[in-house]
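Colleague: Enclosed is the structure file query16.txt (compact mmCIF, C-alpha atoms).
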```txt
# COMPACT_ATOMS: atom_id res chain seq x y z
CA MET A 44 -4.44 11.32 -19.55
CA ASN A 45 -5.85 7.93 -18.56
CA ALA A 46 -9.31 8.10 -16.95
CA LYS A 47 -9.06 4.49 -15.72
CA PHE A 48 -7.01 5.49 -12.69
CA VAL A 49 -5.80 8.38 -10.57
CA VAL A 50 -2.23 9.09 -9.50
CA VAL A 51 -1.81 9.21 -5.72
CA GLU A 52 1.05 11.50 -4.77
CA LEU A 53 2.95 9.35 -2.28
CA GLU A 54 6.61 8.51 -1.90
CA GLN A 55 7.01 4.74 -1.98
CA GLY A 56 8.44 3.30 1.23
CA THR A 57 7.10 6.02 3.55
CA SER A 58 4.66 5.41 6.40
CA GLN A 59 1.92 7.20 4.44
CA TRP A 60 2.53 4.86 1.50
CA LEU A 61 2.37 1.81 3.78
CA ALA A 62 -0.98 3.00 5.16
CA TRP A 63 -2.36 3.56 1.63
CA ARG A 64 -1.09 0.17 0.48
CA HIS A 65 -2.61 -1.51 3.55
CA ASN A 66 -6.07 -0.21 2.64
CA GLY A 67 -6.21 -1.95 -0.73
CA ILE A 68 -4.72 -4.76 -2.81
CA GLY A 69 -1.35 -4.03 -4.39
CA ALA A 70 0.23 -5.62 -7.44
CA SER A 71 2.75 -7.64 -5.44
CA GLU A 72 -0.17 -9.24 -3.55
CA ALA A 73 -2.13 -10.29 -6.64
CA SER A 74 -0.59 -13.74 -7.08
CA THR A 75 -1.23 -14.51 -3.40
CA VAL A 76 -4.87 -13.46 -3.67
CA MET A 77 -5.29 -15.65 -6.76
CA ARG A 78 -4.63 -18.66 -4.52
CA TRP A 79 -7.53 -17.75 -2.22
CA GLY A 80 -9.91 -20.67 -1.76
CA GLU A 81 -7.41 -23.26 -2.98
CA SER A 82 -6.11 -26.06 -0.80
CA ARG A 83 -2.66 -24.44 -0.70
CA SER A 84 -3.84 -20.97 0.32
CA GLU A 85 -2.01 -20.55 3.63
CA THR A 86 -0.24 -17.41 2.41
CA ALA A 87 -3.58 -15.95 1.27
CA SER A 88 -5.05 -16.57 4.74
CA LYS A 89 -2.07 -14.83 6.32
CA LEU A 90 -2.51 -11.88 3.96
CA LEU A 91 -6.21 -11.65 4.94
CA GLN A 92 -5.32 -11.48 8.63
CA LYS A 93 -2.69 -8.85 7.88
CA LYS A 94 -5.18 -6.69 5.96
CA ARG A 95 -7.70 -6.99 8.76
CA GLY A 96 -5.14 -5.80 11.32
CA PRO A 97 -3.40 -2.46 11.90
CA VAL A 98 -0.84 -0.97 9.56
CA ILE A 99 2.62 -2.48 10.03
CA LEU A 100 5.24 0.23 9.55
CA ASN A 101 8.40 -1.86 9.84
CA SER A 102 7.80 -4.12 6.83
CA PHE A 103 10.36 -6.90 6.38
CA LYS A 104 12.82 -6.75 3.50
CA SER A 105 15.06 -9.64 2.57
CA GLU A 106 18.60 -9.02 1.39
CA ALA A 107 17.51 -9.62 -2.21
CA MET A 108 14.59 -7.18 -1.86
CA ALA A 109 16.85 -4.51 -0.36
CA LEU A 110 19.33 -4.94 -3.22
CA GLY A 111 16.53 -4.70 -5.77
CA THR A 112 15.34 -1.44 -4.21
CA LYS A 113 18.88 -0.06 -4.28
CA LEU A 114 19.40 -0.97 -7.96
CA GLU A 115 15.99 0.20 -9.17
CA PRO A 116 16.86 3.89 -9.85
CA GLU A 117 19.87 2.81 -11.92
CA ALA A 118 17.73 0.32 -13.84
CA ARG A 119 15.04 2.95 -14.48
CA ASN A 120 17.58 5.44 -15.80
CA LEU A 121 18.90 2.77 -18.19
CA TYR A 122 15.34 2.01 -19.32
CA ASN A 123 14.71 5.70 -20.07
CA GLU A 124 18.03 5.93 -21.91
CA LYS A 125 17.53 2.77 -23.98
CA THR A 126 13.87 3.35 -24.88
CA GLY A 127 13.84 7.12 -25.17
CA LYS A 128 10.95 7.25 -22.70
CA ASP A 129 10.77 9.23 -19.49
CA VAL A 130 9.08 7.26 -16.73
CA ARG A 131 8.97 7.92 -13.00
CA PRO A 132 7.77 5.86 -10.03
CA VAL A 133 4.17 6.64 -9.04
CA CYS A 134 1.27 5.16 -7.09
CA VAL A 135 -2.01 4.62 -8.92
CA GLN A 136 -5.52 3.75 -7.82
CA SER A 137 -8.30 2.42 -10.03
CA SER A 138 -11.18 4.80 -10.72
CA GLN A 139 -13.58 1.85 -10.68
CA TYR A 140 -12.38 -0.09 -7.63
CA ASP A 141 -11.02 1.92 -4.71
CA TRP A 142 -9.12 -1.12 -3.40
CA LEU A 143 -7.36 -1.82 -6.73
CA ARG A 144 -3.95 -0.16 -6.28
CA ALA A 145 -0.43 -0.41 -7.66
CA SER A 146 2.95 1.12 -6.88
CA LEU A 147 4.51 1.45 -10.31
CA ASP A 148 8.25 1.37 -10.93
CA GLY A 149 7.69 3.70 -13.85
CA LEU A 150 4.85 5.53 -15.62
CA SER A 151 5.16 7.86 -18.59
CA ALA A 152 4.13 11.51 -18.30
CA ASN A 153 1.08 11.02 -20.51
CA HIS A 154 0.14 7.81 -18.66
CA ASP A 155 0.22 5.61 -21.75
CA MET A 156 3.14 3.34 -20.76
CA ALA A 157 4.14 1.56 -17.56
CA VAL A 158 7.26 -0.44 -16.73
CA GLU A 159 7.81 -3.13 -14.11
CA ILE A 160 11.48 -3.35 -13.10
CA LYS A 161 13.17 -6.45 -11.71
CA CYS A 162 16.75 -6.33 -10.46
CA GLY A 163 17.99 -9.79 -9.56
CA ALA A 164 20.34 -12.40 -10.97
CA SER A 165 17.76 -15.20 -10.83
CA VAL A 166 14.90 -13.36 -12.54
CA TYR A 167 17.27 -11.88 -15.11
CA ARG A 168 18.60 -15.31 -16.02
CA ARG A 169 15.15 -16.90 -16.17
CA VAL A 170 13.53 -14.17 -18.28
CA SER A 171 16.45 -13.82 -20.68
CA GLN A 172 16.38 -17.59 -21.28
CA SER A 173 12.62 -18.22 -21.40
CA ARG A 174 11.55 -14.91 -22.99
CA SER A 175 8.49 -14.99 -20.72
CA VAL A 176 7.31 -13.62 -17.38
CA PRO A 177 7.84 -16.11 -14.51
CA ASP A 178 4.58 -17.50 -13.11
CA TYR A 179 5.13 -15.84 -9.73
CA TYR A 180 5.21 -12.40 -11.39
CA TYR A 181 2.36 -12.93 -13.86
CA GLY A 182 -0.35 -11.92 -11.39
CA GLN A 183 1.60 -8.80 -10.53
CA VAL A 184 1.92 -7.51 -14.09
CA GLN A 185 -1.70 -8.33 -14.96
CA HIS A 186 -2.86 -6.56 -11.78
CA ILE A 187 -0.98 -3.46 -12.97
CA LEU A 188 -2.69 -3.69 -16.36
CA ALA A 189 -6.05 -4.13 -14.62
CA ALA A 190 -5.47 -1.07 -12.43
CA THR A 191 -4.23 1.16 -15.24
CA GLY A 192 -6.42 -0.10 -18.08
CA LEU A 193 -3.34 -0.26 -20.32
CA ASP A 194 -3.05 -2.81 -23.13
CA ALA A 195 0.58 -3.67 -22.35
CA LEU A 196 3.55 -2.84 -20.17
CA ASP A 197 7.32 -3.31 -20.32
CA PHE A 198 8.95 -5.92 -18.08
CA TRP A 199 12.51 -4.64 -17.65
CA CYS A 200 15.14 -6.95 -16.14
CA TYR A 201 18.47 -5.60 -15.00
CA TRP A 202 21.51 -7.15 -13.37
CA PRO A 203 24.86 -5.33 -13.17
CA GLY A 204 27.41 -6.55 -15.70
CA ASN A 205 24.74 -7.72 -18.15
CA SER A 206 22.78 -6.02 -20.92
CA PRO A 207 19.28 -5.09 -19.65
CA PHE A 208 16.50 -7.27 -21.02
CA LEU A 209 13.18 -5.81 -22.20
CA LEU A 210 10.10 -8.02 -22.42
CA PRO A 211 6.80 -6.46 -23.58
CA VAL A 212 3.81 -8.03 -21.78
CA GLU A 213 0.33 -7.81 -23.24
CA ARG A 214 -2.92 -7.57 -21.33
CA ASP A 215 -4.58 -10.94 -20.64
CA ASP A 216 -8.29 -10.14 -20.27
CA THR A 217 -9.26 -13.73 -19.45
CA TYR A 218 -6.78 -13.84 -16.59
CA ILE A 219 -7.72 -10.33 -15.43
CA GLU A 220 -11.39 -11.29 -15.24
CA ARG A 221 -10.53 -14.17 -12.91
CA LEU A 222 -8.06 -12.02 -10.97
CA LEU A 223 -10.56 -9.22 -10.30
CA SER A 224 -13.20 -11.74 -9.25
CA LYS A 225 -10.78 -13.27 -6.73
CA GLU A 226 -9.59 -9.88 -5.50
CA LEU A 227 -13.16 -8.60 -5.06
CA GLU A 228 -14.06 -11.73 -3.08
CA PHE A 229 -10.93 -11.30 -0.98
CA TRP A 230 -11.51 -7.59 -0.32
CA ASN A 231 -15.12 -8.22 0.70
CA LEU A 232 -13.77 -10.54 3.41
CA VAL A 233 -11.42 -7.78 4.57
CA THR A 234 -14.19 -5.18 4.78
CA GLN A 235 -16.61 -7.55 6.50
CA ALA A 236 -14.20 -7.62 9.44
CA THR A 237 -13.70 -3.84 9.49
CA THR A 238 -17.20 -2.49 8.72
CA ASN A 239 -18.22 -2.52 12.38
CA ARG A 240 -14.89 -1.19 13.62
CA ARG A 241 -15.30 1.40 16.37
CA VAL A 242 -13.92 4.93 16.06
CA VAL A 243 -12.14 6.51 19.02
CA LEU A 244 -12.41 10.31 19.12
CA ILE A 245 -9.57 12.17 20.87
CA LYS A 246 -10.22 15.82 21.72
CA MET A 247 -7.38 18.25 22.37
CA GLU A 248 -7.10 22.01 22.75
CA ASP A 249 -4.28 24.18 21.45
CA THR A 250 -2.58 25.57 24.57
CA GLY A 251 -0.43 28.03 22.66
CA ASN A 252 2.68 26.07 23.60
CA PRO A 253 3.70 24.10 20.45
CA GLY A 254 6.32 22.01 22.25
CA GLU A 255 3.98 20.99 25.04
CA ASP A 256 1.10 20.25 22.62
CA ALA A 257 3.32 18.11 20.37
CA HIS A 258 4.59 16.12 23.38
CA ARG A 259 1.05 15.56 24.66
CA LEU A 260 -0.14 14.41 21.24
CA GLN A 261 2.82 12.06 20.80
CA SER A 262 2.28 10.59 24.28
CA THR A 263 -1.42 10.07 23.53
CA MET A 264 -0.78 8.24 20.27
CA GLN A 265 1.94 6.12 21.88
CA LEU A 266 -0.38 5.18 24.74
CA MET A 267 -3.09 3.99 22.35
CA LEU A 268 -0.58 1.85 20.47
CA GLU A 269 0.14 0.07 23.76
CA PHE A 270 -3.43 -1.31 23.52
CA PRO A 271 -3.37 -2.99 20.06
CA GLY A 272 -6.70 -3.58 18.37
CA GLN A 273 -9.01 -2.75 15.46
CA ASP A 274 -10.50 0.57 16.66
CA SER A 275 -9.59 3.46 14.36
CA VAL A 276 -8.71 6.90 15.72
CA GLN A 277 -9.76 10.44 14.89
CA LEU A 278 -8.24 13.58 16.41
CA GLU A 279 -10.27 16.74 17.03
CA ILE A 280 -8.24 19.88 17.74
CA MET A 281 -9.76 23.10 19.09
CA ALA A 282 -7.69 26.16 18.13
CA ASN A 283 -8.74 29.83 17.87
CA GLY A 284 -12.37 28.89 18.32
CA GLN A 285 -12.33 26.42 15.41
CA ARG A 286 -12.53 22.63 15.45
CA THR A 287 -10.42 20.56 13.06
CA ARG A 288 -10.93 16.81 12.80
CA LEU A 289 -8.18 14.58 11.41
CA GLU A 290 -8.06 10.90 10.51
CA MET A 291 -5.14 9.04 12.10
CA PRO A 292 -4.68 6.17 9.59
CA LEU A 293 -1.46 4.86 11.15
CA VAL A 294 -2.94 4.39 14.62
CA THR A 295 -5.38 1.67 15.69
CA THR A 296 -6.19 0.67 19.24
CA SER A 297 -8.53 -1.28 21.51
CA PHE A 298 -10.54 1.15 23.62
CA CYS A 299 -11.17 -0.29 27.08
CA PRO A 300 -11.70 1.04 30.64
CA GLU A 301 -7.98 0.85 31.44
CA LEU A 302 -7.01 2.83 28.33
CA GLU A 303 -9.80 5.34 29.00
CA LYS A 304 -8.51 5.83 32.54
CA ARG A 305 -4.91 6.39 31.42
CA LEU A 306 -5.98 8.77 28.64
CA ALA A 307 -8.04 10.77 31.15
CA ALA A 308 -4.93 11.22 33.30
CA LEU A 309 -3.00 12.40 30.24
CA ILE A 310 -5.44 14.66 28.37
CA GLY A 311 -8.38 15.14 30.77
CA ASP A 312 -11.58 13.42 31.72
CA GLY A 313 -14.02 12.81 28.85
CA GLN A 314 -11.53 13.85 26.16
CA ALA A 315 -11.39 10.33 24.72
CA ARG A 316 -14.54 8.42 23.80
CA ILE A 317 -16.10 6.01 21.33
CA MET A 318 -18.02 7.90 18.65
CA ASN A 319 -21.70 6.98 18.27
```
Could I get this file's structure written as structure tokens?
Modeller:
Amino acid sequence: MNAKFVVVELEQGTSQWLAWRHNGIGASEASTVMRWGESRSETASKLLQKKRGPVILNSFKSEAMALGTKLEPEARNLYNEKTGKDVRPVCVQSSQYDWLRASLDGLSANHDMAVEIKCGASVYRRVSQSRSVPDYYYGQVQHILAATGLDALDFWCYWPGNSPFLLPVERDDTYIERLLSKELEFWNLVTQATTNRRVVLIKMEDTGNPGEDAHRLQSTMQLMLEFPGQDSVQLEIMANGQRTRLEMPLVTTSFCPELEKRLAALIGDGQARIMN
């Protein structure tokens, strides 16, 4: 097994995956981060603001992106069939840098081979003609190699009606050194804005009525989302004489007197407060 990273058991596309992805830099964001500090870095500035904000659960997908997602399982099966390998989609996180993350289209069981799959007519045509990775994907593949510590990966292009195209991509240590420097600088800017973020503690007691408790919890979380902000939320549940505290990574809010007043009416006076 590869000690350079850990596998995070998440299903790609779920809300839990979006929260995990939000709290780090993913491979698809690498090329954007590489433009940080340049004169044409508007997209990098937008990404910084996005990372500093709350998790966005309804991420936009263009028609081409949706088609690529739909074709990916078929393309992966063809890759396994043609290469004799058996890869599956996984999420990985660097053992050295907590923020260095990647959602892989395929990783072998013994973690010694990764594949990046592209399903689109344009990228298929370009790669099959140039025999090279397009510039706008180069940061992505090198980010994956940085996160995994692998020496190479397979760039697999698929478009229905055409023979799949396999392009091995080697690790570029010079580029990776610059990439990690940029990403570290970028992530420090993200954390500078979130280090002093307040934590809202919500206390609830188990009433013995699961339906009522679930409705009260859902109403509480929905109310806090009506006050958007940077404050994170923790939930403390008292049940059978025991306290259980849970992180609520998908909920951020802005704790203010009006929200405190409305929460008091919903869950009781003093049951919501800013932690010291």
Colleague: Residues near region 306-312 of chain A, anyone? I mean within 8 Å using only C-alpha atoms, not counting same-chain ones fewer than 3 positions away, as a list in words.
Modeller: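 The neighbour list is Met247, Arg259, Thr263, Leu266, Leu302, Glu303 and Ala315 of chain A.
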Colleague: Mind writing the picked residues with C-alpha atoms as a PDB file, keeping the file's coordinate frame?
Modeller:
```pdb
ATOM      1  CA  MET A 247      -7.380  18.250  22.370  1.00  0.00           C
ATOM      2  CA  ARG A 259       1.050  15.560  24.660  1.00  0.00           C
ATOM      3  CA  THR A 263      -1.420  10.070  23.530  1.00  0.00           C
ATOM      4  CA  LEU A 266      -0.380   5.180  24.740  1.00  0.00           C
ATOM      5  CA  LEU A 302      -7.010   2.830  28.330  1.00  0.00           C
ATOM      6  CA  GLU A 303      -9.800   5.340  29.000  1.00  0.00           C
ATOM      7  CA  ALA A 315     -11.390  10.330  24.720  1.00  0.00           C
TER       8      ALA A 315
END
```
Colleague: Between CA of Gly182 (chain A) and CA of Leu143 (chain A), what is the spacing in Å?
Modeller: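 It comes out at 13.1 Å.
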Colleague: Closest to Gln55 (chain A) among A:Thr75, A:Thr112, A:Ser88, A:Ser146, using only C-alpha atoms?
Modeller: A:Ser146
Colleague: Just want the 10 Å neighbourhood of Tyr122 (chain A), counted on only C-alpha atoms, with same-chain residues fewer than 3 positions away dropped. Output as a list in words.
Modeller: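 Near Tyr122 (chain A), the qualifying residues are Pro116, Glu117, Ala118, Arg119, Lys125, Thr126, Gly127, Lys128, Asp129, Val130, Gly149, Val158, Ile160, Asp197, Trp199, Cys200, Tyr201, Pro207, Phe208 and Leu209 of chain A.
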Colleague: Those residues with C-alpha atoms, as an mmCIF file, in the frame of the given file please?
Modeller:
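Writing done, so here's part.cif:
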```cif
data_model
loop_
_atom_site.group_PDB
_atom_site.id
_atom_site.type_symbol
_atom_site.label_atom_id
_atom_site.label_comp_id
_atom_site.auth_asym_id
_atom_site.auth_seq_id
_atom_site.Cartn_x
_atom_site.Cartn_y
_atom_site.Cartn_z
ATOM 1 C CA PRO A 116 16.860 3.890 -9.850
ATOM 2 C CA GLU A 117 19.870 2.810 -11.920
ATOM 3 C CA ALA A 118 17.730 0.320 -13.840
ATOM 4 C CA ARG A 119 15.040 2.950 -14.480
ATOM 5 C CA LYS A 125 17.530 2.770 -23.980
ATOM 6 C CA THR A 126 13.870 3.350 -24.880
ATOM 7 C CA GLY A 127 13.840 7.120 -25.170
ATOM 8 C CA LYS A 128 10.950 7.250 -22.700
ATOM 9 C CA ASP A 129 10.770 9.230 -19.490
ATOM 10 C CA VAL A 130 9.080 7.260 -16.730
ATOM 11 C CA GLY A 149 7.690 3.700 -13.850
ATOM 12 C CA VAL A 158 7.260 -0.440 -16.730
ATOM 13 C CA ILE A 160 11.480 -3.350 -13.100
ATOM 14 C CA ASP A 197 7.320 -3.310 -20.320
ATOM 15 C CA TRP A 199 12.510 -4.640 -17.650
ATOM 16 C CA CYS A 200 15.140 -6.950 -16.140
ATOM 17 C CA TYR A 201 18.470 -5.600 -15.000
ATOM 18 C CA PRO A 207 19.280 -5.090 -19.650
ATOM 19 C CA PHE A 208 16.500 -7.270 -21.020
ATOM 20 C CA LEU A 209 13.180 -5.810 -22.200
#
```
Colleague: Give me the residues within 12 Å of Tyr179 (chain A) as a list in words, counting all atoms listed in the file and dropping any in the same chain fewer than 6 places off.
Modeller: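 Here the qualifying residues turn out to be Ala70, Ser71, Glu72, Ala73, Ser74, Thr75, Val76, Met77, Arg78, Val166, Arg169 and Gln185 of chain A.
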Colleague: Select, from A:Leu193, A:Cys134, A:Asn205, A:Thr86, the residue with the minimum atom-to-atom distance to Arg168 (chain A), counting all atoms listed in the file.
Modeller: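 Between A:Leu193, A:Cys134, A:Asn205, A:Thr86, the residue approaching Arg168 (chain A) most closely is A:Asn205.
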Colleague: Between CA of Lys246 (chain A) and CA of Asn66 (chain A), what distance in Å does the model show, to one decimal?
Modeller: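 Pair CA of Lys246 (chain A) / CA of Asn66 (chain A) returns 25.3 Å.
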Colleague: Which of these, A:Ala157, A:Ala107, A:Val294, A:Ala189, has the shortest distance to Glu269 (chain A) once you count only C-alpha atoms?
Modeller: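 The closest residue to Glu269 (chain A) is A:Val294.
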Colleague: If I take CA of Met267 (chain A) and CA of Met318 (chain A), how far is one from the other in Å, to one decimal?
Modeller: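 These two atoms are separated by 15.9 Å.
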Colleague: Could you list, as a PDB file with C-alpha atoms, keeping the file's coordinate frame, every residue within 12 Å of region 222-237 of chain A, counting only C-alpha atoms and ignoring same-chain residues fewer than 4 positions away?
Modeller:
```
ATOM      1  CA  HIS A  65      -2.610  -1.510   3.550  1.00  0.00           C
ATOM      2  CA  ASN A  66      -6.070  -0.210   2.640  1.00  0.00           C
ATOM      3  CA  GLY A  67      -6.210  -1.950  -0.730  1.00  0.00           C
ATOM      4  CA  ILE A  68      -4.720  -4.760  -2.810  1.00  0.00           C
ATOM      5  CA  GLY A  69      -1.350  -4.030  -4.390  1.00  0.00           C
ATOM      6  CA  ALA A  70       0.230  -5.620  -7.440  1.00  0.00           C
ATOM      7  CA  GLU A  72      -0.170  -9.240  -3.550  1.00  0.00           C
ATOM      8  CA  ALA A  73      -2.130 -10.290  -6.640  1.00  0.00           C
ATOM      9  CA  SER A  74      -0.590 -13.740  -7.080  1.00  0.00           C
ATOM     10  CA  THR A  75      -1.230 -14.510  -3.400  1.00  0.00           C
ATOM     11  CA  VAL A  76      -4.870 -13.460  -3.670  1.00  0.00           C
ATOM     12  CA  MET A  77      -5.290 -15.650  -6.760  1.00  0.00           C
ATOM     13  CA  ARG A  78      -4.630 -18.660  -4.520  1.00  0.00           C
ATOM     14  CA  TRP A  79      -7.530 -17.750  -2.220  1.00  0.00           C
ATOM     15  CA  GLY A  80      -9.910 -20.670  -1.760  1.00  0.00           C
ATOM     16  CA  GLU A  81      -7.410 -23.260  -2.980  1.00  0.00           C
ATOM     17  CA  ALA A  87      -3.580 -15.950   1.270  1.00  0.00           C
ATOM     18  CA  SER A  88      -5.050 -16.570   4.740  1.00  0.00           C
ATOM     19  CA  LYS A  89      -2.070 -14.830   6.320  1.00  0.00           C
ATOM     20  CA  LEU A  90      -2.510 -11.880   3.960  1.00  0.00           C
ATOM     21  CA  LEU A  91      -6.210 -11.650   4.940  1.00  0.00           C
ATOM     22  CA  GLN A  92      -5.320 -11.480   8.630  1.00  0.00           C
ATOM     23  CA  LYS A  93      -2.690  -8.850   7.880  1.00  0.00           C
ATOM     24  CA  LYS A  94      -5.180  -6.690   5.960  1.00  0.00           C
ATOM     25  CA  ARG A  95      -7.700  -6.990   8.760  1.00  0.00           C
ATOM     26  CA  GLY A  96      -5.140  -5.800  11.320  1.00  0.00           C
ATOM     27  CA  PRO A  97      -3.400  -2.460  11.900  1.00  0.00           C
ATOM     28  CA  SER A 137      -8.300   2.420 -10.030  1.00  0.00           C
ATOM     29  CA  GLN A 139     -13.580   1.850 -10.680  1.00  0.00           C
ATOM     30  CA  TYR A 140     -12.380  -0.090  -7.630  1.00  0.00           C
ATOM     31  CA  ASP A 141     -11.020   1.920  -4.710  1.00  0.00           C
ATOM     32  CA  TRP A 142      -9.120  -1.120  -3.400  1.00  0.00           C
ATOM     33  CA  LEU A 143      -7.360  -1.820  -6.730  1.00  0.00           C
ATOM     34  CA  ARG A 144      -3.950  -0.160  -6.280  1.00  0.00           C
ATOM     35  CA  TYR A 181       2.360 -12.930 -13.860  1.00  0.00           C
ATOM     36  CA  GLY A 182      -0.350 -11.920 -11.390  1.00  0.00           C
ATOM     37  CA  GLN A 183       1.600  -8.800 -10.530  1.00  0.00           C
ATOM     38  CA  VAL A 184       1.920  -7.510 -14.090  1.00  0.00           C
ATOM     39  CA  GLN A 185      -1.700  -8.330 -14.960  1.00  0.00           C
ATOM     40  CA  HIS A 186      -2.860  -6.560 -11.780  1.00  0.00           C
ATOM     41  CA  ILE A 187      -0.980  -3.460 -12.970  1.00  0.00           C
ATOM     42  CA  LEU A 188      -2.690  -3.690 -16.360  1.00  0.00           C
ATOM     43  CA  ALA A 189      -6.050  -4.130 -14.620  1.00  0.00           C
ATOM     44  CA  ALA A 190      -5.470  -1.070 -12.430  1.00  0.00           C
ATOM     45  CA  ASP A 215      -4.580 -10.940 -20.640  1.00  0.00           C
ATOM     46  CA  ASP A 216      -8.290 -10.140 -20.270  1.00  0.00           C
ATOM     47  CA  THR A 217      -9.260 -13.730 -19.450  1.00  0.00           C
ATOM     48  CA  TYR A 218      -6.780 -13.840 -16.590  1.00  0.00           C
ATOM     49  CA  ARG A 241     -15.300   1.400  16.370  1.00  0.00           C
ATOM     50  CA  VAL A 242     -13.920   4.930  16.060  1.00  0.00           C
ATOM     51  CA  GLY A 272      -6.700  -3.580  18.370  1.00  0.00           C
ATOM     52  CA  GLN A 273      -9.010  -2.750  15.460  1.00  0.00           C
ATOM     53  CA  ASP A 274     -10.500   0.570  16.660  1.00  0.00           C
ATOM     54  CA  SER A 275      -9.590   3.460  14.360  1.00  0.00           C
ATOM     55  CA  THR A 295      -5.380   1.670  15.690  1.00  0.00           C
TER      56      THR A 295
END
```
Colleague: Mind listing as an MDAnalysis selection string all residues within 10 Å of (-2.4, 4.1, 12.3), counting all atoms listed in the file?
Modeller: chainID A and resid 58:59 62 97:100 264 268 274:276 290:296
Colleague: What box, with edges along x, y and z, holds each listed atom of region 129-136 of chain A when 5 Å is added on every side, and can you state its centre and edge lengths in Å to one decimal, as lines of an AutoDock Vina configuration file?
Modeller:
```
center_x = 2.6
center_y = 6.5
center_z = -13.3
size_x = 26.3
size_y = 15.5
size_z = 22.4
```
Colleague: Which is closer to Thr287 (chain A) than all the others in A:Glu213, A:Glu124, A:Asp249, A:Glu54, using all atoms listed in the file?
Modeller: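 With all atoms listed in the file as the atom set, the closest residue is A:Asp249.
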Colleague: Can you work out which one of A:Ser262, A:Arg214, A:Asn283, A:Gln277 has the shortest atom-to-atom distance to Arg305 (chain A), counting all atoms listed in the file?
Modeller: A:Ser262
Colleague: Between A:Leu196, A:Lys304, A:Phe298, A:Asn252, which residue has the minimum interatomic distance to Arg240 (chain A), considering all atoms listed in the file?
Modeller: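 Looking at the shortest contact to Arg240 (chain A), the residue is A:Phe298.
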